[in-house]
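Next comes my_file17.cif, a file with mmCIF, N, CA and C atoms and all ligand atoms.
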```cif
data_my_file
loop_
_atom_site.label_atom_id
_atom_site.label_comp_id
_atom_site.auth_asym_id
_atom_site.auth_seq_id
_atom_site.Cartn_x
_atom_site.Cartn_y
_atom_site.Cartn_z
N MET A 1 94.26 38.41 100.27
CA MET A 1 93.90 39.80 100.57
C MET A 1 94.84 40.78 99.87
N THR A 2 94.35 41.93 99.60
CA THR A 2 95.17 42.92 98.93
C THR A 2 96.14 43.55 99.93
N LYS A 3 97.27 43.87 99.45
CA LYS A 3 98.29 44.43 100.35
C LYS A 3 98.32 45.94 100.19
N SER A 4 97.28 46.55 100.72
CA SER A 4 97.28 47.99 100.67
C SER A 4 98.04 48.48 101.89
N LYS A 5 99.09 49.19 101.63
CA LYS A 5 99.94 49.63 102.75
C LYS A 5 99.32 50.79 103.48
N LEU A 6 99.23 50.63 104.75
CA LEU A 6 98.69 51.71 105.58
C LEU A 6 99.82 52.62 106.00
N SER A 7 99.48 53.83 106.25
CA SER A 7 100.49 54.73 106.80
C SER A 7 99.81 55.73 107.73
N ALA A 8 100.59 56.36 108.56
CA ALA A 8 100.04 57.32 109.50
C ALA A 8 99.20 58.35 108.77
N GLY A 9 98.05 58.68 109.34
CA GLY A 9 97.17 59.64 108.69
C GLY A 9 96.02 58.95 107.97
N ASP A 10 96.18 57.65 107.67
CA ASP A 10 95.11 56.92 107.00
C ASP A 10 93.95 56.69 107.97
N ILE A 11 92.80 56.51 107.38
CA ILE A 11 91.62 56.23 108.20
C ILE A 11 91.35 54.72 108.14
N ILE A 12 91.24 54.14 109.30
CA ILE A 12 90.92 52.71 109.35
C ILE A 12 89.81 52.48 110.37
N GLU A 13 89.21 51.31 110.26
CA GLU A 13 88.20 50.95 111.25
C GLU A 13 88.90 50.31 112.44
N ALA A 14 88.52 50.75 113.61
CA ALA A 14 89.10 50.18 114.82
C ALA A 14 88.07 50.26 115.92
N ARG A 15 88.31 49.48 116.94
CA ARG A 15 87.41 49.53 118.07
C ARG A 15 87.87 50.65 118.99
N CYS A 16 86.98 51.58 119.26
CA CYS A 16 87.35 52.69 120.13
C CYS A 16 87.16 52.26 121.58
N THR A 17 88.17 52.50 122.39
CA THR A 17 88.09 52.10 123.79
C THR A 17 87.15 53.00 124.57
N LYS A 18 86.90 54.19 124.07
CA LYS A 18 85.99 55.09 124.79
C LYS A 18 84.56 54.93 124.29
N CYS A 19 84.40 54.98 122.97
CA CYS A 19 83.05 54.86 122.41
C CYS A 19 82.54 53.42 122.48
N ARG A 20 83.46 52.50 122.62
CA ARG A 20 83.13 51.07 122.65
C ARG A 20 82.37 50.66 121.39
N GLU A 21 82.82 51.17 120.28
CA GLU A 21 82.18 50.83 119.03
C GLU A 21 83.25 50.75 117.95
N ILE A 22 82.90 50.11 116.85
CA ILE A 22 83.80 50.08 115.72
C ILE A 22 83.60 51.37 114.95
N LEU A 23 84.62 52.19 114.95
CA LEU A 23 84.50 53.50 114.34
C LEU A 23 85.72 53.78 113.47
N ASN A 24 85.60 54.83 112.69
CA ASN A 24 86.73 55.25 111.89
C ASN A 24 87.76 55.92 112.79
N HIS A 25 88.99 55.54 112.58
CA HIS A 25 90.10 56.11 113.36
C HIS A 25 91.19 56.54 112.39
N ARG A 26 91.92 57.56 112.78
CA ARG A 26 93.05 58.00 111.98
C ARG A 26 94.31 57.41 112.61
N ILE A 27 95.12 56.84 111.78
CA ILE A 27 96.34 56.23 112.29
C ILE A 27 97.30 57.31 112.78
N VAL A 28 97.73 57.16 114.03
CA VAL A 28 98.64 58.14 114.61
C VAL A 28 100.07 57.61 114.56
N ALA A 29 100.23 56.36 114.92
CA ALA A 29 101.58 55.81 114.95
C ALA A 29 101.59 54.40 114.43
N MET A 30 102.66 54.07 113.74
CA MET A 30 102.80 52.73 113.21
C MET A 30 104.18 52.21 113.52
N VAL A 31 104.29 50.91 113.74
CA VAL A 31 105.59 50.27 113.88
C VAL A 31 105.69 49.29 112.72
N GLU A 32 106.63 49.56 111.85
CA GLU A 32 106.73 48.84 110.59
C GLU A 32 105.38 48.89 109.88
N ASP A 33 104.75 47.75 109.61
CA ASP A 33 103.44 47.88 108.95
C ASP A 33 102.28 47.59 109.90
N LYS A 34 102.57 47.73 111.17
CA LYS A 34 101.50 47.51 112.15
C LYS A 34 101.03 48.82 112.74
N VAL A 35 99.70 48.95 112.80
CA VAL A 35 99.12 50.15 113.40
C VAL A 35 99.21 49.99 114.91
N VAL A 36 99.78 50.95 115.59
CA VAL A 36 99.85 50.86 117.05
C VAL A 36 98.97 51.86 117.77
N ARG A 37 98.91 53.08 117.23
CA ARG A 37 98.05 54.06 117.91
C ARG A 37 97.13 54.73 116.90
N VAL A 38 95.92 54.97 117.35
CA VAL A 38 94.94 55.57 116.46
C VAL A 38 94.19 56.68 117.20
N GLU A 39 93.62 57.57 116.40
CA GLU A 39 92.81 58.63 116.99
C GLU A 39 91.39 58.45 116.50
N CYS A 40 90.47 58.42 117.46
CA CYS A 40 89.07 58.19 117.12
C CYS A 40 88.49 59.44 116.44
N ASN A 41 87.84 59.23 115.31
CA ASN A 41 87.22 60.35 114.61
C ASN A 41 85.99 60.86 115.34
N THR A 42 85.49 60.05 116.23
CA THR A 42 84.25 60.42 116.91
C THR A 42 84.54 61.17 118.21
N CYS A 43 85.40 60.59 119.06
CA CYS A 43 85.65 61.24 120.35
C CYS A 43 87.03 61.91 120.39
N ASN A 44 87.79 61.76 119.31
CA ASN A 44 89.13 62.33 119.21
C ASN A 44 90.10 61.76 120.24
N GLY A 45 89.71 60.68 120.88
CA GLY A 45 90.60 60.04 121.84
C GLY A 45 91.70 59.28 121.11
N VAL A 46 92.89 59.35 121.65
CA VAL A 46 94.00 58.61 121.07
C VAL A 46 94.26 57.39 121.95
N HIS A 47 94.28 56.25 121.33
CA HIS A 47 94.48 55.02 122.12
C HIS A 47 95.16 53.99 121.26
N ASN A 48 95.55 52.90 121.89
CA ASN A 48 96.17 51.82 121.14
C ASN A 48 95.17 51.25 120.15
N TYR A 49 95.70 50.73 119.09
CA TYR A 49 94.85 50.19 118.05
C TYR A 49 94.29 48.84 118.46
N HIS A 50 92.98 48.70 118.35
CA HIS A 50 92.33 47.41 118.57
C HIS A 50 91.62 47.06 117.29
N ALA A 51 92.04 45.99 116.69
CA ALA A 51 91.42 45.58 115.43
C ALA A 51 89.96 45.27 115.68
N PRO A 52 89.10 45.63 114.73
CA PRO A 52 87.69 45.27 114.91
C PRO A 52 87.55 43.76 114.92
N PRO A 53 86.65 43.22 115.73
CA PRO A 53 86.52 41.77 115.78
C PRO A 53 86.08 41.22 114.45
N VAL A 54 86.53 40.00 114.15
CA VAL A 54 86.13 39.39 112.89
C VAL A 54 84.66 39.00 112.98
N ALA A 55 84.02 39.04 111.83
CA ALA A 55 82.58 38.84 111.79
C ALA A 55 82.13 37.58 112.51
N LYS A 56 82.89 36.50 112.36
CA LYS A 56 82.41 35.24 112.93
C LYS A 56 82.44 35.23 114.45
N GLU A 57 83.14 36.18 115.03
CA GLU A 57 83.14 36.27 116.48
C GLU A 57 81.92 36.99 117.03
N VAL A 58 81.22 37.67 116.15
CA VAL A 58 80.06 38.44 116.57
C VAL A 58 78.81 37.55 116.52
N LYS A 59 78.99 36.33 116.88
CA LYS A 59 77.90 35.37 116.91
C LYS A 59 76.89 35.75 117.98
N VAL A 60 75.67 35.49 117.66
CA VAL A 60 74.62 35.76 118.65
C VAL A 60 74.76 34.73 119.76
N LYS A 61 74.85 35.24 120.95
CA LYS A 61 75.00 34.35 122.09
C LYS A 61 73.72 33.59 122.34
N ARG A 62 73.88 32.36 122.64
CA ARG A 62 72.72 31.56 122.95
C ARG A 62 72.12 32.03 124.27
N ILE A 63 70.83 32.14 124.26
CA ILE A 63 70.19 32.62 125.48
C ILE A 63 70.12 31.45 126.46
N ALA A 64 70.96 31.52 127.46
CA ALA A 64 70.97 30.49 128.48
C ALA A 64 70.60 31.14 129.80
N SER A 65 69.47 30.77 130.29
CA SER A 65 69.08 31.37 131.56
C SER A 65 69.63 30.52 132.69
N PRO A 66 70.44 31.12 133.53
CA PRO A 66 71.10 30.34 134.57
C PRO A 66 70.14 29.87 135.66
N SER A 67 69.00 30.55 135.77
CA SER A 67 68.06 30.18 136.82
C SER A 67 67.31 28.90 136.47
N LYS A 68 67.28 28.59 135.20
CA LYS A 68 66.54 27.41 134.77
C LYS A 68 67.34 26.15 135.08
N PRO A 69 66.74 25.23 135.80
CA PRO A 69 67.49 24.00 136.06
C PRO A 69 67.61 23.17 134.79
N ARG A 70 68.71 22.53 134.69
CA ARG A 70 68.93 21.72 133.49
C ARG A 70 67.99 20.53 133.48
N SER A 71 67.44 20.31 132.32
CA SER A 71 66.56 19.15 132.21
C SER A 71 67.41 17.88 132.27
N VAL A 72 66.98 16.95 133.11
CA VAL A 72 67.76 15.74 133.29
C VAL A 72 67.06 14.54 132.65
N SER A 73 66.11 14.87 131.78
CA SER A 73 65.40 13.77 131.14
C SER A 73 66.36 12.95 130.30
N SER A 74 66.08 11.66 130.27
CA SER A 74 66.99 10.76 129.56
C SER A 74 66.70 10.72 128.07
N THR A 75 65.56 11.27 127.68
CA THR A 75 65.23 11.23 126.27
C THR A 75 66.20 12.13 125.50
N PRO A 76 66.73 11.61 124.43
CA PRO A 76 67.67 12.44 123.67
C PRO A 76 66.95 13.62 123.05
N ARG A 77 67.63 14.72 123.08
CA ARG A 77 67.05 15.94 122.52
C ARG A 77 66.96 15.84 121.02
N THR A 78 65.80 16.15 120.51
CA THR A 78 65.68 16.16 119.06
C THR A 78 66.39 17.40 118.55
N PRO A 79 67.02 17.27 117.41
CA PRO A 79 67.71 18.45 116.89
C PRO A 79 66.76 19.61 116.72
N LYS A 80 67.31 20.78 116.92
CA LYS A 80 66.50 21.99 116.88
C LYS A 80 65.73 22.09 115.57
N LYS A 81 64.48 22.42 115.72
CA LYS A 81 63.67 22.56 114.51
C LYS A 81 63.25 24.00 114.35
N ASP A 82 63.22 24.39 113.13
CA ASP A 82 62.73 25.68 112.76
C ASP A 82 61.26 25.77 113.20
N PRO A 83 60.89 26.84 113.91
CA PRO A 83 59.48 26.93 114.33
C PRO A 83 58.51 26.91 113.16
N VAL A 84 58.94 27.50 112.05
CA VAL A 84 58.06 27.51 110.88
C VAL A 84 57.81 26.08 110.41
N GLU A 85 58.88 25.29 110.47
CA GLU A 85 58.76 23.90 110.05
C GLU A 85 57.81 23.15 110.98
N LEU A 86 57.95 23.44 112.27
CA LEU A 86 57.06 22.81 113.25
C LEU A 86 55.61 23.17 112.99
N GLU A 87 55.40 24.44 112.66
CA GLU A 87 54.04 24.89 112.39
C GLU A 87 53.49 24.19 111.15
N ARG A 88 54.36 24.03 110.18
CA ARG A 88 53.92 23.36 108.95
C ARG A 88 53.57 21.91 109.23
N GLU A 89 54.39 21.30 110.08
CA GLU A 89 54.12 19.91 110.44
C GLU A 89 52.80 19.79 111.17
N GLU A 90 52.57 20.75 112.07
CA GLU A 90 51.33 20.74 112.82
C GLU A 90 50.15 20.89 111.87
N TRP A 91 50.33 21.79 110.93
CA TRP A 91 49.27 22.03 109.96
C TRP A 91 49.00 20.75 109.18
N ALA A 92 50.08 20.10 108.76
CA ALA A 92 49.95 18.89 107.97
C ALA A 92 49.24 17.80 108.76
N SER A 93 49.49 17.78 110.09
CA SER A 93 48.86 16.74 110.89
C SER A 93 47.40 17.06 111.16
N LEU A 94 47.07 18.34 111.14
CA LEU A 94 45.68 18.75 111.38
C LEU A 94 44.84 18.70 110.11
N GLN A 95 45.53 18.89 109.02
CA GLN A 95 44.83 19.05 107.75
C GLN A 95 43.82 17.93 107.45
N PRO A 96 44.17 16.65 107.71
CA PRO A 96 43.19 15.60 107.39
C PRO A 96 41.88 15.74 108.15
N THR A 97 41.92 16.45 109.29
CA THR A 97 40.69 16.59 110.07
C THR A 97 39.85 17.77 109.60
N PHE A 98 40.41 18.55 108.69
CA PHE A 98 39.69 19.73 108.25
C PHE A 98 38.50 19.34 107.36
N GLN A 99 37.46 20.11 107.50
CA GLN A 99 36.32 19.96 106.60
C GLN A 99 36.19 21.29 105.88
N PRO A 100 36.89 21.42 104.77
CA PRO A 100 36.98 22.73 104.10
C PRO A 100 35.63 23.34 103.78
N ASP A 101 34.64 22.48 103.54
CA ASP A 101 33.32 23.04 103.22
C ASP A 101 32.67 23.68 104.44
N ARG A 102 33.25 23.43 105.62
CA ARG A 102 32.70 24.05 106.83
C ARG A 102 33.55 25.22 107.30
N ALA A 103 34.55 25.55 106.53
CA ALA A 103 35.42 26.65 106.93
C ALA A 103 34.65 27.96 106.90
N LEU A 104 34.92 28.80 107.88
CA LEU A 104 34.26 30.10 107.93
C LEU A 104 35.10 31.11 107.16
N PRO A 105 34.48 31.88 106.27
CA PRO A 105 35.27 32.88 105.55
C PRO A 105 35.83 33.89 106.55
N TYR A 106 37.10 34.22 106.38
CA TYR A 106 37.72 35.13 107.34
C TYR A 106 37.23 36.55 107.12
N ASP A 107 36.90 37.19 108.21
CA ASP A 107 36.46 38.57 108.20
C ASP A 107 37.03 39.19 109.47
N MET A 108 37.69 40.34 109.33
CA MET A 108 38.33 40.87 110.52
C MET A 108 37.33 41.35 111.56
N ASN A 109 36.07 41.42 111.19
CA ASN A 109 35.05 41.74 112.18
C ASN A 109 34.31 40.49 112.64
N GLY A 110 34.78 39.35 112.19
CA GLY A 110 34.13 38.10 112.56
C GLY A 110 34.49 37.66 113.97
N LYS A 111 33.69 36.77 114.47
CA LYS A 111 33.92 36.22 115.81
C LYS A 111 34.30 34.76 115.62
N TYR A 112 35.42 34.38 116.16
CA TYR A 112 35.87 33.01 115.96
C TYR A 112 36.19 32.36 117.30
N GLN A 113 36.24 31.07 117.26
CA GLN A 113 36.56 30.30 118.46
C GLN A 113 37.79 29.46 118.16
N VAL A 114 38.48 29.12 119.22
CA VAL A 114 39.60 28.21 119.08
C VAL A 114 39.10 26.93 118.40
N ARG A 115 39.90 26.43 117.51
CA ARG A 115 39.63 25.22 116.73
C ARG A 115 38.70 25.46 115.56
N HIS A 116 38.26 26.68 115.36
CA HIS A 116 37.49 26.97 114.16
C HIS A 116 38.41 26.87 112.94
N LEU A 117 37.81 26.47 111.88
CA LEU A 117 38.54 26.45 110.62
C LEU A 117 38.09 27.66 109.83
N ILE A 118 39.05 28.44 109.38
CA ILE A 118 38.66 29.63 108.63
C ILE A 118 39.30 29.60 107.25
N LEU A 119 38.70 30.34 106.38
CA LEU A 119 39.23 30.44 105.02
C LEU A 119 39.65 31.88 104.78
N HIS A 120 40.94 32.07 104.60
CA HIS A 120 41.48 33.41 104.41
C HIS A 120 41.72 33.61 102.92
N PRO A 121 41.37 34.80 102.39
CA PRO A 121 41.54 35.02 100.95
C PRO A 121 42.98 34.89 100.47
N VAL A 122 43.95 35.15 101.36
CA VAL A 122 45.35 35.09 100.93
C VAL A 122 46.01 33.81 101.43
N PHE A 123 45.81 33.50 102.72
CA PHE A 123 46.56 32.40 103.33
C PHE A 123 45.88 31.04 103.17
N GLY A 124 44.62 31.06 102.74
CA GLY A 124 43.93 29.79 102.56
C GLY A 124 43.30 29.32 103.85
N LEU A 125 43.23 28.01 103.98
CA LEU A 125 42.61 27.44 105.17
C LEU A 125 43.48 27.65 106.39
N GLY A 126 42.84 27.98 107.48
CA GLY A 126 43.59 28.20 108.71
C GLY A 126 42.82 27.65 109.89
N PHE A 127 43.59 27.26 110.89
CA PHE A 127 43.04 26.65 112.09
C PHE A 127 43.27 27.60 113.25
N VAL A 128 42.20 28.05 113.87
CA VAL A 128 42.35 29.03 114.96
C VAL A 128 42.99 28.34 116.15
N LYS A 129 44.17 28.82 116.50
CA LYS A 129 44.93 28.19 117.59
C LYS A 129 44.65 28.88 118.92
N THR A 130 44.76 30.19 118.91
CA THR A 130 44.64 30.94 120.15
C THR A 130 43.86 32.23 119.89
N LEU A 131 43.04 32.59 120.84
CA LEU A 131 42.39 33.88 120.77
C LEU A 131 43.12 34.79 121.73
N ILE A 132 43.43 35.99 121.27
CA ILE A 132 44.14 36.94 122.11
C ILE A 132 43.15 38.03 122.50
N VAL A 133 43.26 38.47 123.73
CA VAL A 133 42.26 39.38 124.28
C VAL A 133 42.05 40.62 123.41
N SER A 134 43.15 41.17 122.91
CA SER A 134 43.05 42.42 122.17
C SER A 134 42.58 42.19 120.74
N GLN A 135 41.51 41.48 120.60
CA GLN A 135 40.86 41.26 119.30
C GLN A 135 41.81 40.73 118.24
N LYS A 136 42.58 39.78 118.66
CA LYS A 136 43.47 39.13 117.70
C LYS A 136 43.41 37.63 117.95
N MET A 137 43.77 36.91 116.94
CA MET A 137 43.85 35.47 117.12
C MET A 137 45.02 34.93 116.32
N LYS A 138 45.53 33.82 116.83
CA LYS A 138 46.61 33.16 116.12
C LYS A 138 46.02 32.04 115.30
N VAL A 139 46.28 32.09 114.02
CA VAL A 139 45.71 31.09 113.12
C VAL A 139 46.84 30.36 112.41
N LEU A 140 46.72 29.05 112.45
CA LEU A 140 47.73 28.23 111.79
C LEU A 140 47.33 28.01 110.35
N PHE A 141 48.20 28.46 109.46
CA PHE A 141 47.99 28.24 108.04
C PHE A 141 49.06 27.30 107.51
N LYS A 142 48.91 26.93 106.29
CA LYS A 142 49.88 26.05 105.65
C LYS A 142 51.29 26.64 105.77
N ASP A 143 51.37 27.96 105.71
CA ASP A 143 52.67 28.62 105.77
C ASP A 143 53.09 29.01 107.17
N GLY A 144 52.34 28.59 108.16
CA GLY A 144 52.73 28.91 109.52
C GLY A 144 51.69 29.75 110.23
N LEU A 145 52.04 30.12 111.46
CA LEU A 145 51.11 30.89 112.29
C LEU A 145 51.04 32.33 111.84
N LYS A 146 49.84 32.86 111.81
CA LYS A 146 49.67 34.27 111.50
C LYS A 146 48.76 34.88 112.56
N LEU A 147 48.97 36.15 112.77
CA LEU A 147 48.16 36.88 113.72
C LEU A 147 47.09 37.63 112.92
N LEU A 148 45.85 37.35 113.20
CA LEU A 148 44.78 38.00 112.46
C LEU A 148 43.87 38.76 113.41
N ARG A 149 43.23 39.74 112.85
CA ARG A 149 42.24 40.49 113.65
C ARG A 149 40.94 39.75 113.69
N CYS A 150 40.22 39.91 114.76
CA CYS A 150 38.88 39.37 114.85
C CYS A 150 38.14 40.16 115.92
N GLN A 151 36.91 39.80 116.18
CA GLN A 151 36.14 40.50 117.22
C GLN A 151 36.08 39.63 118.46
ZN ZN A 201 85.98 57.16 120.27
#
```
Could I get this file's structure written as structure tokens?
Amino acid sequence: MTKSKLSAGDIIEARCTKCREILNHRIVAMVEDKVVRVECNTCNGVHNYHAPPVAKEVKVKRIASPSKPRSVSSTPRTPKKDPVELEREEWASLQPTFQPDRALPYDMNGKYQVRHLILHPVFGLGFVKTLIVSQKMKVLFKDGLKLLRCQ
């Protein structure tokens, strides 16, 4: 890292104790080369310097719902799979059952049923997975699930 010496009056990023955000602060006091007190440019509050957290600490917390009982099944958990990959696998497993010559050309004013095979001008062959009440349906394509309009 570069050794740019900070001094009182410099603007640095710090966590503001009042705004609770990483904001620009003006250095108010330093002890040797350590920033000890800063003034927030946003709320003008003077407080001790809190270094902004390092990027790797800002990890997205895993959503763990405490109300959900832990599954005690003995089957080993398969490693997490990308949903897109799962959709592709599903498509690949369904594909042999497709009869492309019976695919219905996709039309957003068309009426489709679950398990219909449709032909979309962009996405290609698709398998109607779910019909949604608000004139939409979920269609599985080679590239994954897409939400399409229908009647
Ligand atoms: Zn502030």
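For the pair atom N of A:Lys136 and atom C of A:Thr97, the interatomic distance is 24.0 Å.
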Based on DSSP run over this structure's backbone, return all residues of chain A in strand (DSSP E), as number ranges by chain. A: 11-15, 22-31, 34-40, 46-48, 104-105, 117-120, 124-132, 136-141, 144-149
Return as a list of chain:residue names the residues of protein, DNA or RNA that approach ligand ZN 201 (chain A) to within 7 Å, with all atoms listed in the file taken into account. A:Arg15, A:Cys16, A:Thr17, A:Lys18, A:Cys19, A:Arg20, A:Glu21, A:Glu39, A:Cys40, A:Asn41, A:Thr42, A:Cys43, A:Asn44, A:Gly45
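The nearest approach to A:Arg88 among the residues A:Leu6, A:Cys150, A:Val31, A:Leu140, with only C-alpha atoms taken into account, belongs to A:Leu140.
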Could you work out how far atom CA of A:Val36 lies from atom CA of A:Tyr49, giving the answer in Å with one decimal? 5.1 Å
Take atom CA of A:Leu148 and atom C of A:Glu87 and report the distance between them in Å, one decimal.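 We find that atom CA of A:Leu148 and atom C of A:Glu87 lie 16.4 Å from each other.
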List every residue of chain A that DSSP, applied to the backbone of this structure, places in alpha helix (DSSP H), and write the result as number ranges by chain. A: 83-94
When you count only N, CA and C atoms, which of these residues is closest to A:Ala92: A:Lys129, A:Lys142, A:Lys34, A:His116?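 For A:Ala92, the nearest of the given residues is A:Lys142.
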Which protein, DNA or RNA residues have an atom at most 9 Å from (47.0, 26.2, 101.7), counting only C-alpha atoms? List them as an NGL selection string. :A and (123-126 or 141-143)
Smallest atom-to-atom distance to A:Pro52: which of A:Asp101, A:Pro83, A:Asp33, A:Leu23, using only C-alpha atoms?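 When distances to A:Pro52 are compared using only C-alpha atoms, the smallest one comes from A:Leu23.
Each of A:Asn24, A:Gln95, A:Gln135, A:Gln151 was checked against A:Tyr112 using all atoms listed in the file; the smallest atom-to-atom distance is that of A:Gln151.
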From the set A:Gly110, A:Pro121, A:Gly9, A:Pro105, which residue has the shortest atom-to-atom contact distance to A:Val28, counting only C-alpha atoms? A:Gly9
